[in-house]
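All remarks here apply to the structure that follows.
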Amino acid sequence: ANSVFTYVLHAKCTSANVMVRAVAAHPGGSATNLGDHLNFGSGFLMRNLLNVVAPLMMQSAEDGSMGLILGMLGNAESGRLYGPKNNRGRGKPVVNPPKSYENDPAAMDMLWKVSEEATGVKFDIKQSI
């Protein structure tokens, strides 16, 4: 939903000639504490398997944050999703091309309307002078 919202926001700002940069980023698989509450089983095998496999599939939290930092401070292009190449779990942030469902006009319109309804805010982008 975040990538779809970003594509919609970019399109609306571009058509209204509003100079807002709409960028989305994902961290890939990053070794943070976000999954600490998940129960993958308490067995010896599962615990040790995760300790071996996770570092091979994940990157550090710092490396995972690079897409966000690029979007905020770098030369990131508006209307783009940045993350590890091919939506993989690790790697430097690059532009990830949208999937067909991410730039589907019906899905984009529906998400925008549902977002307005959920927040109770009509977000009307006015053309800038």
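Each chain in the structure tokens gets a letter, A, B and so on, in the order shown; residues start at 1 in every chain, and ligands are counted from 1 in the order they appear.
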
With region 12-35 of chain A as the partner and 10 Å as the cut-off, tabulate the residues of region 39-113 of chain A that qualify, each row holding the nearest pair of atoms and their distance in Å to one decimal, using only C-alpha atoms, sorted by chain and rising number, as CSV.
```
residue,atom,partner,partner_atom,distance
A:Asn39,CA,A:Gly35,CA,8.8
A:Phe40,CA,A:Gly35,CA,9.9
A:Ala54,CA,A:Ala31,CA,8.1
A:Pro55,CA,A:Ala31,CA,7.9
A:Met57,CA,A:Gly29,CA,6.9
A:Met58,CA,A:Gly29,CA,4.6
A:Gln59,CA,A:Ser30,CA,4.9
A:Ser60,CA,A:Ala31,CA,5.2
A:Ala61,CA,A:Ser30,CA,5.1
A:Glu62,CA,A:Ser30,CA,8.3
A:Asp63,CA,A:Ser30,CA,7.7
A:Gly64,CA,A:Pro27,CA,4.2
A:Ser65,CA,A:Pro27,CA,5.9
A:Met66,CA,A:Pro27,CA,7.6
A:Gly67,CA,A:Ala25,CA,5.3
A:Leu68,CA,A:Ala25,CA,5.5
A:Ile69,CA,A:Ala25,CA,9.0
A:Leu70,CA,A:Ala25,CA,8.7
A:Gly71,CA,A:Val23,CA,6.0
A:Met72,CA,A:Val23,CA,8.3
A:Ala76,CA,A:Val23,CA,7.3
A:Glu77,CA,A:Val23,CA,7.2
A:Ser78,CA,A:Arg21,CA,4.7
A:Gly79,CA,A:Ala22,CA,5.5
A:Arg80,CA,A:Val23,CA,5.5
A:Leu81,CA,A:Ala24,CA,4.7
A:Tyr82,CA,A:Ala25,CA,4.5
A:Gly83,CA,A:His26,CA,5.1
A:Pro84,CA,A:Gly28,CA,6.0
A:Lys85,CA,A:Gly28,CA,9.3
A:Asn87,CA,A:Gly28,CA,6.8
A:Arg88,CA,A:Gly28,CA,6.2
A:Gly89,CA,A:Gly28,CA,4.3
A:Arg90,CA,A:Gly28,CA,5.6
A:Gly91,CA,A:Gly28,CA,8.0
A:Lys92,CA,A:Pro27,CA,9.5
A:Pro93,CA,A:Pro27,CA,8.3
A:Val94,CA,A:Ala25,CA,9.5
A:Val95,CA,A:Ala25,CA,9.1
A:Asn96,CA,A:Ala25,CA,9.3
```

| In region 20-123 of chain A, what's strand (DSSP E or B) per DSSP? Answer as a list in words? |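 Written out, the strand (DSSP E or B) residues of region 20-123 of chain A are Val23, Ala24, Ala25, Ser30, Ala31, Gln59, Ser60, Arg80, Leu81, Tyr82, Gly83, Pro84, Pro93, Val94, Val95 and Asn96 of chain A.
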
Same residues, all heavy atoms, output as a compact mmCIF listing (two decimals), in the first residue's frame:
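And here's part25.txt as it stands now:
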```txt
# COMPACT_ATOMS: atom_id res chain seq x y z
N VAL A 23 8.47 9.69 -2.38
CA VAL A 23 9.42 8.59 -2.47
C VAL A 23 9.06 7.53 -1.45
O VAL A 23 8.68 7.85 -0.32
CB VAL A 23 10.86 9.09 -2.19
CG1 VAL A 23 11.86 7.95 -2.23
CG2 VAL A 23 11.26 10.17 -3.17
N ALA A 24 9.15 6.27 -1.83
CA ALA A 24 8.95 5.16 -0.89
C ALA A 24 10.24 4.36 -0.81
O ALA A 24 11.02 4.31 -1.77
CB ALA A 24 7.80 4.27 -1.36
N ALA A 25 10.45 3.76 0.33
CA ALA A 25 11.64 2.93 0.52
C ALA A 25 11.29 1.73 1.37
O ALA A 25 10.41 1.80 2.22
CB ALA A 25 12.75 3.74 1.18
N SER A 30 16.09 -6.72 7.28
CA SER A 30 17.05 -6.03 8.14
C SER A 30 17.00 -6.62 9.53
O SER A 30 15.92 -6.86 10.08
CB SER A 30 16.73 -4.54 8.19
OG SER A 30 16.85 -3.97 6.91
N ALA A 31 18.15 -6.81 10.10
CA ALA A 31 18.27 -7.41 11.43
C ALA A 31 17.93 -6.36 12.49
O ALA A 31 18.79 -5.63 12.96
CB ALA A 31 19.67 -7.96 11.64
N GLN A 59 20.39 -8.02 6.21
CA GLN A 59 21.45 -7.03 6.33
C GLN A 59 21.29 -6.31 7.66
O GLN A 59 20.29 -6.47 8.35
CB GLN A 59 21.41 -6.05 5.17
CG GLN A 59 20.11 -5.29 5.02
CD GLN A 59 20.06 -4.55 3.70
OE1 GLN A 59 21.00 -4.55 2.92
NE2 GLN A 59 18.95 -3.91 3.43
N SER A 60 22.24 -5.49 8.00
CA SER A 60 22.18 -4.76 9.26
C SER A 60 21.05 -3.73 9.21
O SER A 60 20.60 -3.33 8.12
CB SER A 60 23.50 -4.05 9.53
OG SER A 60 23.67 -2.98 8.61
N ARG A 80 9.23 6.95 -7.08
CA ARG A 80 10.06 5.74 -7.13
C ARG A 80 10.03 5.01 -5.79
O ARG A 80 9.88 5.62 -4.74
CB ARG A 80 11.51 6.07 -7.46
CG ARG A 80 11.69 6.85 -8.73
CD ARG A 80 11.55 5.95 -9.92
NE ARG A 80 11.93 6.66 -11.14
CZ ARG A 80 11.19 6.69 -12.21
NH1 ARG A 80 10.04 6.06 -12.25
NH2 ARG A 80 11.58 7.33 -13.27
N LEU A 81 10.23 3.70 -5.86
CA LEU A 81 10.38 2.86 -4.69
C LEU A 81 11.83 2.41 -4.64
O LEU A 81 12.33 1.82 -5.60
CB LEU A 81 9.46 1.63 -4.77
CG LEU A 81 9.71 0.51 -3.75
CD1 LEU A 81 9.47 0.99 -2.32
CD2 LEU A 81 8.85 -0.70 -4.06
N TYR A 82 12.52 2.70 -3.54
CA TYR A 82 13.91 2.33 -3.38
C TYR A 82 14.03 1.19 -2.37
O TYR A 82 13.37 1.19 -1.34
CB TYR A 82 14.74 3.53 -2.89
CG TYR A 82 14.91 4.59 -3.95
CD1 TYR A 82 13.96 5.59 -4.13
CD2 TYR A 82 16.00 4.57 -4.81
CE1 TYR A 82 14.10 6.54 -5.12
CE2 TYR A 82 16.15 5.52 -5.80
CZ TYR A 82 15.20 6.50 -5.94
OH TYR A 82 15.34 7.44 -6.93
N GLY A 83 14.86 0.25 -2.69
CA GLY A 83 15.14 -0.88 -1.81
C GLY A 83 16.16 -1.78 -2.47
O GLY A 83 16.63 -1.49 -3.57
N PRO A 84 16.52 -2.88 -1.80
CA PRO A 84 17.48 -3.80 -2.41
C PRO A 84 17.01 -4.25 -3.80
O PRO A 84 15.81 -4.39 -4.05
CB PRO A 84 17.51 -4.97 -1.43
CG PRO A 84 17.13 -4.36 -0.12
CD PRO A 84 16.12 -3.31 -0.46
N PRO A 93 20.35 0.28 -1.86
CA PRO A 93 19.05 0.69 -2.41
C PRO A 93 19.16 1.13 -3.86
O PRO A 93 20.03 1.92 -4.22
CB PRO A 93 18.63 1.84 -1.51
CG PRO A 93 19.90 2.38 -0.95
CD PRO A 93 20.84 1.23 -0.87
N VAL A 94 18.27 0.59 -4.67
CA VAL A 94 18.15 0.96 -6.07
C VAL A 94 16.66 1.14 -6.37
O VAL A 94 15.81 0.76 -5.58
CB VAL A 94 18.76 -0.11 -7.01
CG1 VAL A 94 20.25 -0.28 -6.78
CG2 VAL A 94 18.04 -1.44 -6.84
N VAL A 95 16.35 1.71 -7.52
CA VAL A 95 14.95 1.85 -7.92
C VAL A 95 14.38 0.46 -8.20
O VAL A 95 14.97 -0.32 -8.94
CB VAL A 95 14.82 2.74 -9.18
CG1 VAL A 95 13.38 2.73 -9.69
CG2 VAL A 95 15.28 4.16 -8.89
N ASN A 96 13.27 0.16 -7.55
CA ASN A 96 12.55 -1.09 -7.81
C ASN A 96 11.37 -0.74 -8.70
O ASN A 96 10.49 0.03 -8.29
CB ASN A 96 12.05 -1.72 -6.52
CG ASN A 96 13.14 -2.36 -5.69
OD1 ASN A 96 12.87 -3.22 -4.89
ND2 ASN A 96 14.38 -1.96 -5.87
```

TODO: Would you please extract all helix (DSSP H, G or I) residues from chain A, as assigned by DSSP on the backbone, and give them as an MDAnalysis selection string?
DONE: chainID A and resid 2:15 44:57 61:64 66:73 85:87 105:119

Using only C-alpha atoms, the best pick from A:Leu9, A:Lys99, A:Ser3, A:Val52 as closest to Trp112 (chain A) would be A:Leu9

Interatomic distance, CA of Val4 (chain A) to CA of Met110 (chain A) (Å, one decimal):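 Spanning CA of Val4 (chain A) to CA of Met110 (chain A) is a straight-line distance of 10.2 Å.
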